[in-house]
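> As input, take data14.tsv (TSV, C-alpha atoms):
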```tsv
chain	number	residue	atom	x	y	z
A	1	MET	CA	0.00	0.00	0.00
A	2	ARG	CA	1.21	3.47	-0.78
A	3	TRP	CA	0.10	6.87	0.39
A	4	ASN	CA	0.85	10.56	-0.12
A	5	PHE	CA	1.28	13.48	2.32
A	6	TRP	CA	0.47	16.75	2.33
A	7	THR	CA	-7.89	31.19	8.39
A	8	GLY	CA	-10.35	30.70	10.43
A	9	LYS	CA	-11.07	29.87	14.03
A	10	MET	CA	-12.49	26.73	15.56
A	11	LEU	CA	-16.28	26.79	15.38
A	12	GLY	CA	-16.91	23.42	16.93
A	13	VAL	CA	-16.77	22.65	20.64
A	14	VAL	CA	-14.51	20.30	22.54
A	15	ALA	CA	-15.83	16.78	22.51
A	16	VAL	CA	-15.45	14.05	25.08
A	17	VAL	CA	-16.24	10.33	24.83
A	18	ALA	CA	-19.84	9.41	25.69
A	19	LEU	CA	-21.08	5.86	25.92
A	20	LEU	CA	-23.29	5.53	22.87
A	21	ALA	CA	-24.32	2.38	21.08
A	22	MET	CA	-22.20	2.10	17.98
A	23	ALA	CA	-25.27	1.51	15.85
A	24	GLY	CA	-26.43	4.99	16.72
A	25	CYS	CA	-23.25	6.80	15.70
A	26	ASP	CA	-23.51	8.36	12.24
A	27	SER	CA	-21.17	10.73	10.52
A	28	ALA	CA	-22.33	13.62	12.61
A	29	GLY	CA	-21.46	11.66	15.80
A	30	PRO	CA	-21.38	13.40	19.17
A	31	THR	CA	-19.58	16.72	19.32
A	32	THR	CA	-19.85	17.01	23.09
A	33	GLY	CA	-19.71	14.49	25.88
A	34	THR	CA	-18.33	13.64	29.29
A	35	THR	CA	-15.56	11.62	30.81
A	36	THR	CA	-16.89	8.08	31.01
A	37	LYS	CA	-16.32	4.65	32.41
A	38	GLY	CA	-17.53	1.39	30.98
A	39	THR	CA	-20.70	-0.23	32.26
A	40	GLY	CA	-19.54	-3.82	32.33
A	41	PRO	CA	-17.48	-6.51	30.63
A	42	ALA	CA	-19.89	-6.98	27.71
A	43	GLY	CA	-17.45	-5.59	25.15
A	44	GLY	CA	-15.17	-8.60	25.10
A	45	SER	CA	-12.15	-9.77	27.06
A	46	GLY	CA	-10.78	-7.26	29.52
A	47	ASP	CA	-9.86	-6.70	33.13
A	48	PRO	CA	-12.71	-5.49	35.36
A	49	SER	CA	-10.16	-4.84	38.10
A	50	LEU	CA	-8.11	-2.43	35.95
A	51	THR	CA	-8.39	1.19	37.10
A	52	GLY	CA	-7.01	4.60	36.16
A	53	LYS	CA	-7.69	7.53	33.87
A	54	ILE	CA	-6.53	8.15	30.30
A	55	GLU	CA	-6.42	11.66	28.81
A	56	ILE	CA	-6.61	11.93	25.00
A	57	ASP	CA	-6.92	15.01	22.77
A	58	GLY	CA	-6.06	16.11	19.24
A	59	SER	CA	-7.30	15.52	15.73
A	60	SER	CA	-11.04	15.66	15.08
A	61	THR	CA	-10.33	13.30	12.18
A	62	VAL	CA	-8.78	10.61	14.38
A	63	PHE	CA	-11.34	11.36	17.13
A	64	LYS	CA	-13.95	9.34	15.27
A	65	LEU	CA	-11.77	6.21	15.47
A	66	THR	CA	-10.38	6.79	18.96
A	67	GLN	CA	-13.87	7.46	20.31
A	68	ALA	CA	-15.12	4.15	18.87
A	69	VAL	CA	-12.15	2.25	20.31
A	70	ALA	CA	-12.65	3.92	23.71
A	71	GLN	CA	-16.33	2.96	23.78
A	72	GLU	CA	-15.55	-0.70	23.16
A	73	PHE	CA	-12.55	-0.77	25.50
A	74	SER	CA	-14.67	0.71	28.30
A	75	LYS	CA	-17.19	-2.11	28.10
A	76	ALA	CA	-14.49	-4.66	28.89
A	77	ASN	CA	-12.57	-2.45	31.35
A	78	PRO	CA	-15.21	-0.60	33.38
A	79	GLY	CA	-12.77	0.66	35.99
A	80	VAL	CA	-10.83	2.81	33.49
A	81	SER	CA	-12.02	6.37	32.91
A	82	LEU	CA	-11.36	7.71	29.39
A	83	LYS	CA	-11.56	11.33	28.32
A	84	VAL	CA	-11.32	11.96	24.57
A	85	ASP	CA	-11.33	15.55	23.28
A	86	LYS	CA	-10.91	16.90	19.73
A	87	SER	CA	-9.27	20.31	19.76
A	88	GLY	CA	-7.41	19.60	16.50
A	89	THR	CA	-3.97	18.09	15.89
A	90	GLY	CA	-2.21	21.36	16.71
A	91	GLY	CA	-4.33	21.91	19.80
A	92	GLY	CA	-3.62	18.40	21.02
A	93	PHE	CA	0.12	18.69	20.50
A	94	LYS	CA	0.19	21.97	22.47
A	95	ASN	CA	-0.77	20.02	25.58
A	96	PHE	CA	0.95	16.76	24.65
A	97	VAL	CA	4.40	18.37	24.41
A	98	LEU	CA	3.94	19.68	27.96
A	99	GLY	CA	3.17	16.21	29.30
A	100	LYS	CA	-0.50	17.01	29.95
A	101	LEU	CA	-1.87	14.19	27.76
A	102	ASP	CA	-1.37	10.45	27.67
A	103	ILE	CA	-2.20	10.21	23.94
A	104	CYS	CA	-2.40	12.76	21.12
A	105	ASP	CA	-4.52	11.95	18.06
A	106	ALA	CA	-2.90	13.37	14.91
A	107	SER	CA	-3.86	13.61	11.25
A	108	ARG	CA	-0.25	14.34	10.22
A	109	PRO	CA	3.17	13.34	11.55
A	110	ALA	CA	4.84	15.29	14.34
A	111	THR	CA	6.49	18.46	13.04
A	112	GLU	CA	10.00	19.66	13.80
A	113	LYS	CA	8.46	22.06	16.33
A	114	ASP	CA	6.49	19.26	18.01
A	115	ILE	CA	9.66	17.20	18.28
A	116	SER	CA	11.69	20.12	19.60
A	117	ASP	CA	9.03	21.08	22.15
A	118	CYS	CA	8.79	17.48	23.39
A	119	LYS	CA	12.56	17.35	23.80
A	120	ALA	CA	12.57	20.65	25.71
A	121	SER	CA	9.89	19.37	28.09
A	122	GLY	CA	11.44	15.92	28.49
A	123	VAL	CA	8.46	14.21	26.87
A	124	GLY	CA	9.22	11.05	24.94
A	125	PHE	CA	6.64	9.85	22.43
A	126	ILE	CA	5.81	6.65	20.57
A	127	GLU	CA	4.49	7.23	17.05
A	128	LEU	CA	1.84	4.73	15.90
A	129	PRO	CA	-0.01	4.85	12.54
A	130	VAL	CA	-3.57	3.54	13.04
A	131	CYS	CA	-5.41	3.79	9.68
A	132	PHE	CA	-5.66	5.64	6.37
A	133	ASP	CA	-7.93	8.51	5.36
A	134	ALA	CA	-9.03	9.57	1.89
A	135	LEU	CA	-9.40	13.31	2.33
A	136	THR	CA	-12.57	14.09	0.38
A	137	VAL	CA	-13.53	17.16	-1.65
A	138	ALA	CA	-17.32	17.27	-1.41
A	139	VAL	CA	-20.20	19.31	-2.83
A	140	ASN	CA	-23.93	19.49	-2.20
A	141	GLU	CA	-26.15	16.68	-3.56
A	142	GLN	CA	-27.87	19.20	-5.88
A	143	ASN	CA	-24.56	20.09	-7.52
A	144	ASP	CA	-24.79	18.47	-10.96
A	145	TRP	CA	-21.84	20.22	-12.64
A	146	CYS	CA	-18.76	19.58	-10.48
A	147	LYS	CA	-18.17	15.87	-11.00
A	148	ASP	CA	-14.39	16.15	-11.14
A	149	ILE	CA	-11.74	18.76	-10.51
A	150	THR	CA	-8.01	19.07	-11.10
A	151	THR	CA	-5.48	19.79	-8.38
A	152	ALA	CA	-4.52	22.89	-10.40
A	153	GLU	CA	-8.12	24.13	-10.14
A	154	LEU	CA	-8.18	23.34	-6.41
A	155	LYS	CA	-4.98	25.31	-5.97
A	156	LYS	CA	-6.46	28.25	-7.88
A	157	LEU	CA	-9.52	28.08	-5.63
A	158	TRP	CA	-7.76	27.75	-2.26
A	159	GLU	CA	-4.47	29.61	-2.58
A	160	PRO	CA	-4.26	33.13	-1.05
A	161	ALA	CA	-5.13	36.11	-3.23
A	162	PRO	CA	-2.32	38.43	-4.32
A	163	GLU	CA	-1.60	40.93	-1.55
A	164	GLY	CA	-4.12	43.76	-1.47
A	165	GLN	CA	-6.39	42.18	-4.08
A	166	GLU	CA	-9.72	40.38	-3.97
A	167	HIS	CA	-9.44	36.67	-4.57
A	168	PRO	CA	-9.83	35.98	-8.31
A	169	VAL	CA	-12.13	33.00	-7.73
A	170	GLN	CA	-15.44	34.06	-6.22
A	171	LYS	CA	-17.94	32.24	-8.44
A	172	TRP	CA	-18.07	28.76	-9.91
A	173	SER	CA	-17.72	30.29	-13.38
A	174	ASP	CA	-14.38	31.81	-12.30
A	175	LEU	CA	-13.06	28.29	-11.84
A	176	ARG	CA	-14.24	26.60	-15.03
A	177	ALA	CA	-16.14	27.90	-18.05
A	178	GLY	CA	-19.69	26.61	-18.17
A	179	TRP	CA	-20.08	26.28	-14.43
A	180	PRO	CA	-22.76	28.47	-12.74
A	181	ASN	CA	-22.32	32.19	-12.30
A	182	GLU	CA	-22.96	31.73	-8.57
A	183	LYS	CA	-20.76	32.45	-5.55
A	184	ILE	CA	-18.88	29.46	-4.12
A	185	SER	CA	-19.38	28.92	-0.39
A	186	LEU	CA	-16.21	27.31	0.96
A	187	TYR	CA	-15.82	25.05	3.99
A	188	GLY	CA	-12.61	23.56	5.35
A	189	ALA	CA	-10.46	22.70	8.32
A	190	GLY	CA	-9.47	25.22	10.98
A	191	THR	CA	-5.86	26.28	11.40
A	192	ASP	CA	-5.24	24.04	14.43
A	193	SER	CA	-6.18	21.03	12.34
A	194	GLY	CA	-3.66	18.62	10.87
A	195	THR	CA	-6.09	18.33	7.98
A	196	PHE	CA	-5.54	22.04	7.23
A	197	GLU	CA	-1.77	21.53	7.19
A	198	TYR	CA	-2.04	18.47	5.01
A	199	PHE	CA	-4.50	19.93	2.49
A	200	THR	CA	-2.62	23.20	2.06
A	201	GLU	CA	0.69	21.45	1.52
A	202	ALA	CA	-0.75	18.84	-0.86
A	203	ILE	CA	-2.91	21.24	-2.89
A	204	VAL	CA	-1.56	24.79	-2.50
A	205	GLY	CA	2.03	23.58	-2.27
A	206	LYS	CA	2.83	25.39	0.98
A	207	LYS	CA	1.81	24.28	4.45
A	208	ASN	CA	-0.68	26.61	6.18
A	209	SER	CA	-1.09	28.76	3.04
A	210	SER	CA	-4.78	29.35	2.32
A	211	ARG	CA	-7.30	32.00	1.41
A	212	PRO	CA	-8.92	33.17	4.67
A	213	ASP	CA	-12.46	33.82	3.41
A	214	TYR	CA	-13.99	30.42	4.10
A	215	THR	CA	-15.89	28.81	6.97
A	216	ALA	CA	-13.20	27.10	9.01
A	217	SER	CA	-13.69	24.52	11.76
A	218	GLU	CA	-11.80	21.86	13.67
A	219	ASP	CA	-15.19	20.13	13.99
A	220	ASP	CA	-15.78	18.17	10.78
A	221	ASN	CA	-19.51	17.99	11.50
A	222	THR	CA	-19.71	21.76	10.97
A	223	ILE	CA	-18.23	21.28	7.50
A	224	VAL	CA	-20.68	18.47	6.71
A	225	LEU	CA	-23.68	20.56	7.74
A	226	GLY	CA	-22.43	23.60	5.84
A	227	ILE	CA	-22.11	21.72	2.55
A	228	GLU	CA	-25.44	19.95	3.04
A	229	GLY	CA	-27.19	23.28	3.53
A	230	ASP	CA	-25.91	25.13	0.44
A	231	LYS	CA	-26.29	24.06	-3.19
A	232	TYR	CA	-23.23	26.12	-4.17
A	233	ALA	CA	-20.92	24.93	-1.39
A	234	LEU	CA	-17.62	23.06	-1.69
A	235	GLY	CA	-15.44	21.80	1.12
A	236	TYR	CA	-12.89	19.21	2.17
A	237	LEU	CA	-13.30	16.74	5.01
A	238	PRO	CA	-12.14	13.30	6.20
A	239	TYR	CA	-13.60	10.30	4.38
A	240	ALA	CA	-15.21	8.89	7.54
A	241	TYR	CA	-17.37	12.01	7.78
A	242	TYR	CA	-18.30	11.87	4.10
A	243	ALA	CA	-19.01	8.14	3.64
A	244	PRO	CA	-22.16	7.90	5.82
A	245	ARG	CA	-23.63	11.01	4.11
A	246	GLU	CA	-23.33	9.98	0.47
A	247	SER	CA	-27.06	10.63	0.04
A	248	THR	CA	-26.65	14.34	0.89
A	249	LEU	CA	-23.08	14.96	-0.27
A	250	ASN	CA	-21.31	14.24	-3.56
A	251	ALA	CA	-17.61	13.39	-3.64
A	252	VAL	CA	-15.61	15.08	-6.40
A	253	ALA	CA	-13.13	12.98	-8.40
A	254	ILE	CA	-9.57	14.34	-8.25
A	255	SER	CA	-7.26	14.61	-11.24
A	256	TRP	CA	-3.53	15.11	-10.52
A	257	ASP	CA	-1.10	15.41	-13.40
A	258	LYS	CA	1.71	13.88	-11.28
A	259	ASN	CA	-0.32	10.84	-10.22
A	260	PRO	CA	1.68	7.65	-10.86
A	261	ALA	CA	-1.66	5.89	-11.39
A	262	GLY	CA	-2.47	8.15	-14.33
A	263	PRO	CA	-4.21	11.48	-15.02
A	264	ASP	CA	-7.83	10.27	-14.98
A	265	PRO	CA	-10.04	11.66	-12.18
A	266	VAL	CA	-10.26	9.33	-9.17
A	267	LEU	CA	-12.96	9.17	-6.51
A	268	PRO	CA	-12.09	8.47	-2.86
A	269	SER	CA	-12.73	4.89	-1.71
A	270	ARG	CA	-11.05	2.06	0.14
A	271	ALA	CA	-10.13	0.47	-3.19
A	272	THR	CA	-8.52	3.60	-4.64
A	273	VAL	CA	-6.51	4.23	-1.46
A	274	GLU	CA	-5.33	0.63	-1.17
A	275	GLY	CA	-4.51	0.66	-4.88
A	276	ALA	CA	-2.40	3.83	-4.49
A	277	LYS	CA	-4.66	5.63	-6.99
A	278	TYR	CA	-6.25	8.37	-4.89
A	279	ASN	CA	-3.45	10.89	-4.97
A	280	PRO	CA	-2.43	13.24	-3.47
A	281	LEU	CA	-5.26	13.20	-0.90
A	282	SER	CA	-4.76	9.84	0.82
A	283	ARG	CA	-2.90	9.98	4.13
A	284	PRO	CA	-2.09	7.93	7.25
A	285	LEU	CA	-3.54	8.86	10.64
A	286	PHE	CA	-1.71	8.48	13.97
A	287	ILE	CA	-1.80	8.27	17.70
A	288	TYR	CA	1.19	9.56	19.69
A	289	VAL	CA	1.64	7.93	23.10
A	290	ASN	CA	3.50	9.59	25.97
A	291	ARG	CA	6.45	7.27	26.75
A	292	GLN	CA	6.06	7.61	30.51
A	293	ALA	CA	2.30	7.09	30.37
A	294	ALA	CA	2.81	3.96	28.25
A	295	GLU	CA	4.16	2.17	31.32
A	296	ARG	CA	0.87	2.58	33.20
A	297	PRO	CA	-1.24	-0.61	33.00
A	298	GLU	CA	-4.42	1.15	31.83
A	299	VAL	CA	-2.62	3.01	29.01
A	300	LYS	CA	-0.78	-0.10	27.92
A	301	ALA	CA	-4.03	-2.08	27.85
A	302	PHE	CA	-5.82	0.62	25.85
A	303	VAL	CA	-3.11	0.96	23.19
A	304	ASP	CA	-2.79	-2.83	22.92
A	305	TYR	CA	-6.54	-3.01	22.35
A	306	TYR	CA	-6.38	-0.18	19.79
A	307	LEU	CA	-3.75	-1.90	17.66
A	308	GLN	CA	-5.15	-5.42	18.05
A	309	ASN	CA	-8.53	-4.20	16.77
A	310	GLY	CA	-7.23	-1.70	14.21
A	311	VAL	CA	-8.73	-3.36	11.14
A	312	LYS	CA	-12.16	-3.97	12.68
A	313	MET	CA	-12.50	-0.54	14.26
A	314	SER	CA	-11.21	1.35	11.20
A	315	GLU	CA	-13.78	-0.41	9.03
A	316	ARG	CA	-16.52	0.34	11.55
A	317	VAL	CA	-16.01	4.11	11.34
A	318	LYS	CA	-15.46	4.10	7.55
A	319	TYR	CA	-11.70	4.63	7.48
A	320	ILE	CA	-9.28	2.44	5.56
A	321	PRO	CA	-7.31	-0.04	7.70
A	322	LEU	CA	-3.58	-0.55	7.43
A	323	LYS	CA	-2.25	-3.92	6.39
A	324	GLN	CA	-2.10	-6.32	9.34
A	325	GLU	CA	1.69	-6.29	8.94
A	326	ALA	CA	1.73	-2.58	9.75
A	327	TYR	CA	-0.38	-3.03	12.89
A	328	ASP	CA	1.95	-5.84	14.00
A	329	MET	CA	4.99	-3.64	13.42
A	330	GLY	CA	3.41	-0.80	15.36
A	331	HIS	CA	2.50	-3.15	18.18
A	332	ASN	CA	6.08	-4.33	18.37
A	333	ARG	CA	7.28	-0.70	18.47
A	334	PHE	CA	4.89	0.02	21.34
A	335	LYS	CA	5.85	-3.14	23.23
A	336	ASN	CA	9.51	-2.10	23.04
A	337	LEU	CA	8.69	1.53	23.96
A	338	GLN	CA	10.56	2.85	20.91
A	339	VAL	CA	10.36	6.63	21.08
A	340	GLY	CA	10.63	9.04	18.16
A	341	THR	CA	9.25	9.48	14.65
A	342	GLY	CA	9.97	7.79	11.36
A	343	PHE	CA	9.30	11.03	9.46
A	344	GLY	CA	11.91	13.41	10.81
A	345	GLY	CA	9.48	16.28	11.29
A	346	HIS	CA	8.63	16.84	7.63
A	347	ALA	CA	6.25	15.46	5.01
A	348	GLU	CA	7.28	12.59	2.76
A	349	PHE	CA	5.40	11.50	-0.33
A	350	GLY	CA	4.80	8.10	-1.88
A	351	LEU	CA	6.25	5.82	0.81
A	352	PRO	CA	4.58	2.60	2.02
A	353	ILE	CA	3.76	2.86	5.72
A	354	GLU	CA	5.62	-0.40	6.33
A	355	GLU	CA	8.83	1.21	5.08
A	356	VAL	CA	8.45	4.04	7.57
A	357	LEU	CA	7.82	1.59	10.42
A	358	LYS	CA	11.04	-0.27	9.54
A	359	ARG	CA	13.08	2.85	10.23
A	360	GLU	CA	14.70	3.43	13.56
A	361	PRO	CA	12.55	6.18	15.12
A	362	LYS	CA	14.31	9.49	15.77
A	363	SER	CA	13.46	12.01	18.45
```
Spell out the structure here as structure tokens.


Amino acid sequence: MRWNFWTGKMLGVVAVVALLAMAGCDSAGPTTGTTTKGTGPAGGSGDPSLTGKIEIDGSSTVFKLTQAVAQEFSKANPGVSLKVDKSGTGGGFKNFVLGKLDICDASRPATEKDISDCKASGVGFIELPVCFDALTVAVNEQNDWCKDITTAELKKLWEPAPEGQEHPVQKWSDLRAGWPNEKISLYGAGTDSGTFEYFTEAIVGKKNSSRPDYTASEDDNTIVLGIEGDKYALGYLPYAYYAPRESTLNAVAISWDKNPAGPDPVLPSRATVEGAKYNPLSRPLFIYVNRQAAERPEVKAFVDYYLQNGVKMSERVKYIPLKQEAYDMGHNRFKNLQVGTGFGGHAEFGLPIEEVLKREPKS
């Protein structure tokens, strides 16, 4: 499997794990909640005598998976209290580097600044890929003209305007001849989001470079609702938030002239990600575990459960699982408490995740 890497203020609210039946969780899942404990051992094998508290924050993208894992883990380990927030990858790392979190969810690898701040605070971290995402460009279900789009057109749409000038793309007709002479309503990730960093680097060509006149949120549900409510809207969001809403949102096929799979437009799906065809908007997602916290029995049990059930839980929330080999490699890294990152603080394109996991992590 191969993958490719990479203002606004947060409109959503901090979310915490709530015990909800998985059958009731749709793409707009809970955006608020409370610290919870499990209600009994019904979720499978566990340790009812295990106690403690686990603090998790970070990516709203990874939140969907971590929340699902936490719900199931709690059923089998009712004595463990889990708190899962979603302040964005950047927001999570701000607390993680200070040692205030046990786990940071992240939709991009740790940056040079994250690594430096961890070192300054004496925080060791274990980097663990947990699944893949197909970052999806979506439009309203009534949009019958934008079936596909090139990365060059996306760049033209999302890059900043020349200094002191109005952005040249205001209407659909500004983007492609024949499209409606109607204003485009834009929705995308907030600036604390790893999704924002990834999208801007992959599409605009420069991390954190974006036009500011769009509705920005670290809460992906806000983006979903915005696109659903406006015929002329366009936005980008994680695949797990798009997939359950295919009846009210349309995915746009992406054409990239540098795509090794060819120039034809490609829609996001498990098959196109696993086949290394959905480029450059497929990406791995991560959890970062505090090295010291990893020695606590409740944290160790939770991360073991996360990796052992990676395929099943990723499929449940509509993300794309890693190969089992990658989960096994990550599990071995966690077991040996190997600190550091395989990415060196910068984006890398076109590498199999297994190749990254074979590297000696650096911190």

> What does the structure give for the distance between atom CA of Lys206 of chain A and atom CA of Gly340 of chain A, in Å to one decimal?

25.0 Å

> Write out as an NGL selection string which residues come within 9 Å of Gly310 of chain A when counting all atoms listed in the file, dropping same-chain ones fewer than 5 positions away.

:A and (69 or 130-131 or 305 or 315 or 321-322 or 324 or 327)

> Rank A:Thr66, A:Asn336, A:Thr150, A:Asn290 by their smallest atom-to-atom distance to Asn95 of chain A, using all atoms listed in the file, and report the top residue only.

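Looking at the shortest contact to Asn95 of chain A, the residue is A:Asn290.
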
> Have a look at A:Asp264, A:Glu218, A:Asp328, A:Glu141 and name the one nearest to Asp304 of chain A; count only C-alpha atoms.

A:Asp328

> Nearest to Lys258 of chain A among A:Gly79, A:Gly46, A:Pro280, A:Gly344, with distances taken over all atoms listed in the file: which residue is it?

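Checking each of A:Gly79, A:Gly46, A:Pro280, A:Gly344 against Lys258 of chain A, counting all atoms listed in the file, the winner is A:Pro280.
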
> Pick the closest to Cys146 of chain A from A:Trp172, A:Trp256, A:Phe132, A:Tyr242: which is it, counting only C-alpha atoms?

A:Trp172

> Considering all atoms listed in the file, tabulate each residue of segment 78-121 of chain A that lies at most 12 Å from segment 70-74 of chain A along with its nearest interatomic pair and the corresponding distance in Å to one decimal; arrange the rows by chain and ascending residue number and present them as a Markdown table.


```
| residue | atom | partner | partner_atom | distance |
| --- | --- | --- | --- | --- |
| A:Pro78 | CA | A:Ser74 | CA | 5.3 |
| A:Gly79 | CA | A:Ser74 | CA | 7.9 |
| A:Val80 | CA | A:Ser74 | CA | 6.8 |
| A:Ser81 | CA | A:Ser74 | CA | 7.8 |
| A:Leu82 | CA | A:Ala70 | CA | 6.9 |
| A:Lys83 | CA | A:Ala70 | CA | 8.8 |
| A:Val84 | CA | A:Ala70 | CA | 8.2 |
| A:Asp85 | CA | A:Ala70 | CA | 11.7 |
```

> Do a neighbour search on Lys335 of chain A at 12 Å with all atoms listed in the file, toss out local chain neighbours closer than 4 positions, and write the hits as a CSV table (one decimal) with C-alpha atoms, in the frame of the given file.


```
chain,number,residue,atom,x,y,z
A,126,ILE,CA,5.8,6.6,20.6
A,128,LEU,CA,1.8,4.7,15.9
A,289,VAL,CA,1.6,7.9,23.1
A,291,ARG,CA,6.4,7.3,26.8
A,294,ALA,CA,2.8,4.0,28.2
A,295,GLU,CA,4.2,2.2,31.3
A,299,VAL,CA,-2.6,3.0,29.0
A,300,LYS,CA,-0.8,-0.1,27.9
A,301,ALA,CA,-4.0,-2.1,27.8
A,303,VAL,CA,-3.1,1.0,23.2
A,304,ASP,CA,-2.8,-2.8,22.9
A,307,LEU,CA,-3.8,-1.9,17.7
A,328,ASP,CA,2.0,-5.8,14.0
A,329,MET,CA,5.0,-3.6,13.4
A,330,GLY,CA,3.4,-0.8,15.4
A,331,HIS,CA,2.5,-3.2,18.2
A,339,VAL,CA,10.4,6.6,21.1
```

> Find the residue from A:Val204, A:Ala253, A:Ile184, A:Ala271 that sits nearest to Pro168 of chain A; use only C-alpha atoms when measuring.

A:Ile184

> Just the number, please: distance in Å from atom CA of Lys207 of chain A to atom CA of Gly88 of chain A, one decimal.

15.9 Å

> Counting all atoms listed in the file, figure out which residue out of A:Ser282, A:Thr191, A:Ser173, A:Asn143 gets nearest to Gly91 of chain A.

A:Thr191

> Could you state the separation of atom CA of Thr151 of chain A and atom CA of Pro129 of chain A in Å, given to one decimal place?

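A separation of 26.3 Å between them.
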
> Need the shell around Lys362 of chain A: protein/DNA/RNA residues with any atom at most 12 Å away, counting only C-alpha atoms. Skip same-chain ones fewer than 4 positions apart. Format as a ChimeraX atom specification?

/A:110,112,115-116,119,124-127,338-345,356-357

> Need the shell around Val139 of chain A: protein/DNA/RNA residues with any atom at most 6 Å away, counting all atoms listed in the file. Skip same-chain ones fewer than 2 positions apart. Format as a PDB file with C-alpha atoms, in the frame of the given file?


```
ATOM      1  CA  ALA A 233     -20.920  24.930  -1.390  1.00  0.00           C
ATOM      2  CA  LEU A 234     -17.620  23.060  -1.690  1.00  0.00           C
ATOM      3  CA  LEU A 249     -23.080  14.960  -0.270  1.00  0.00           C
ATOM      4  CA  ASN A 250     -21.310  14.240  -3.560  1.00  0.00           C
TER       5      ASN A 250
END
```
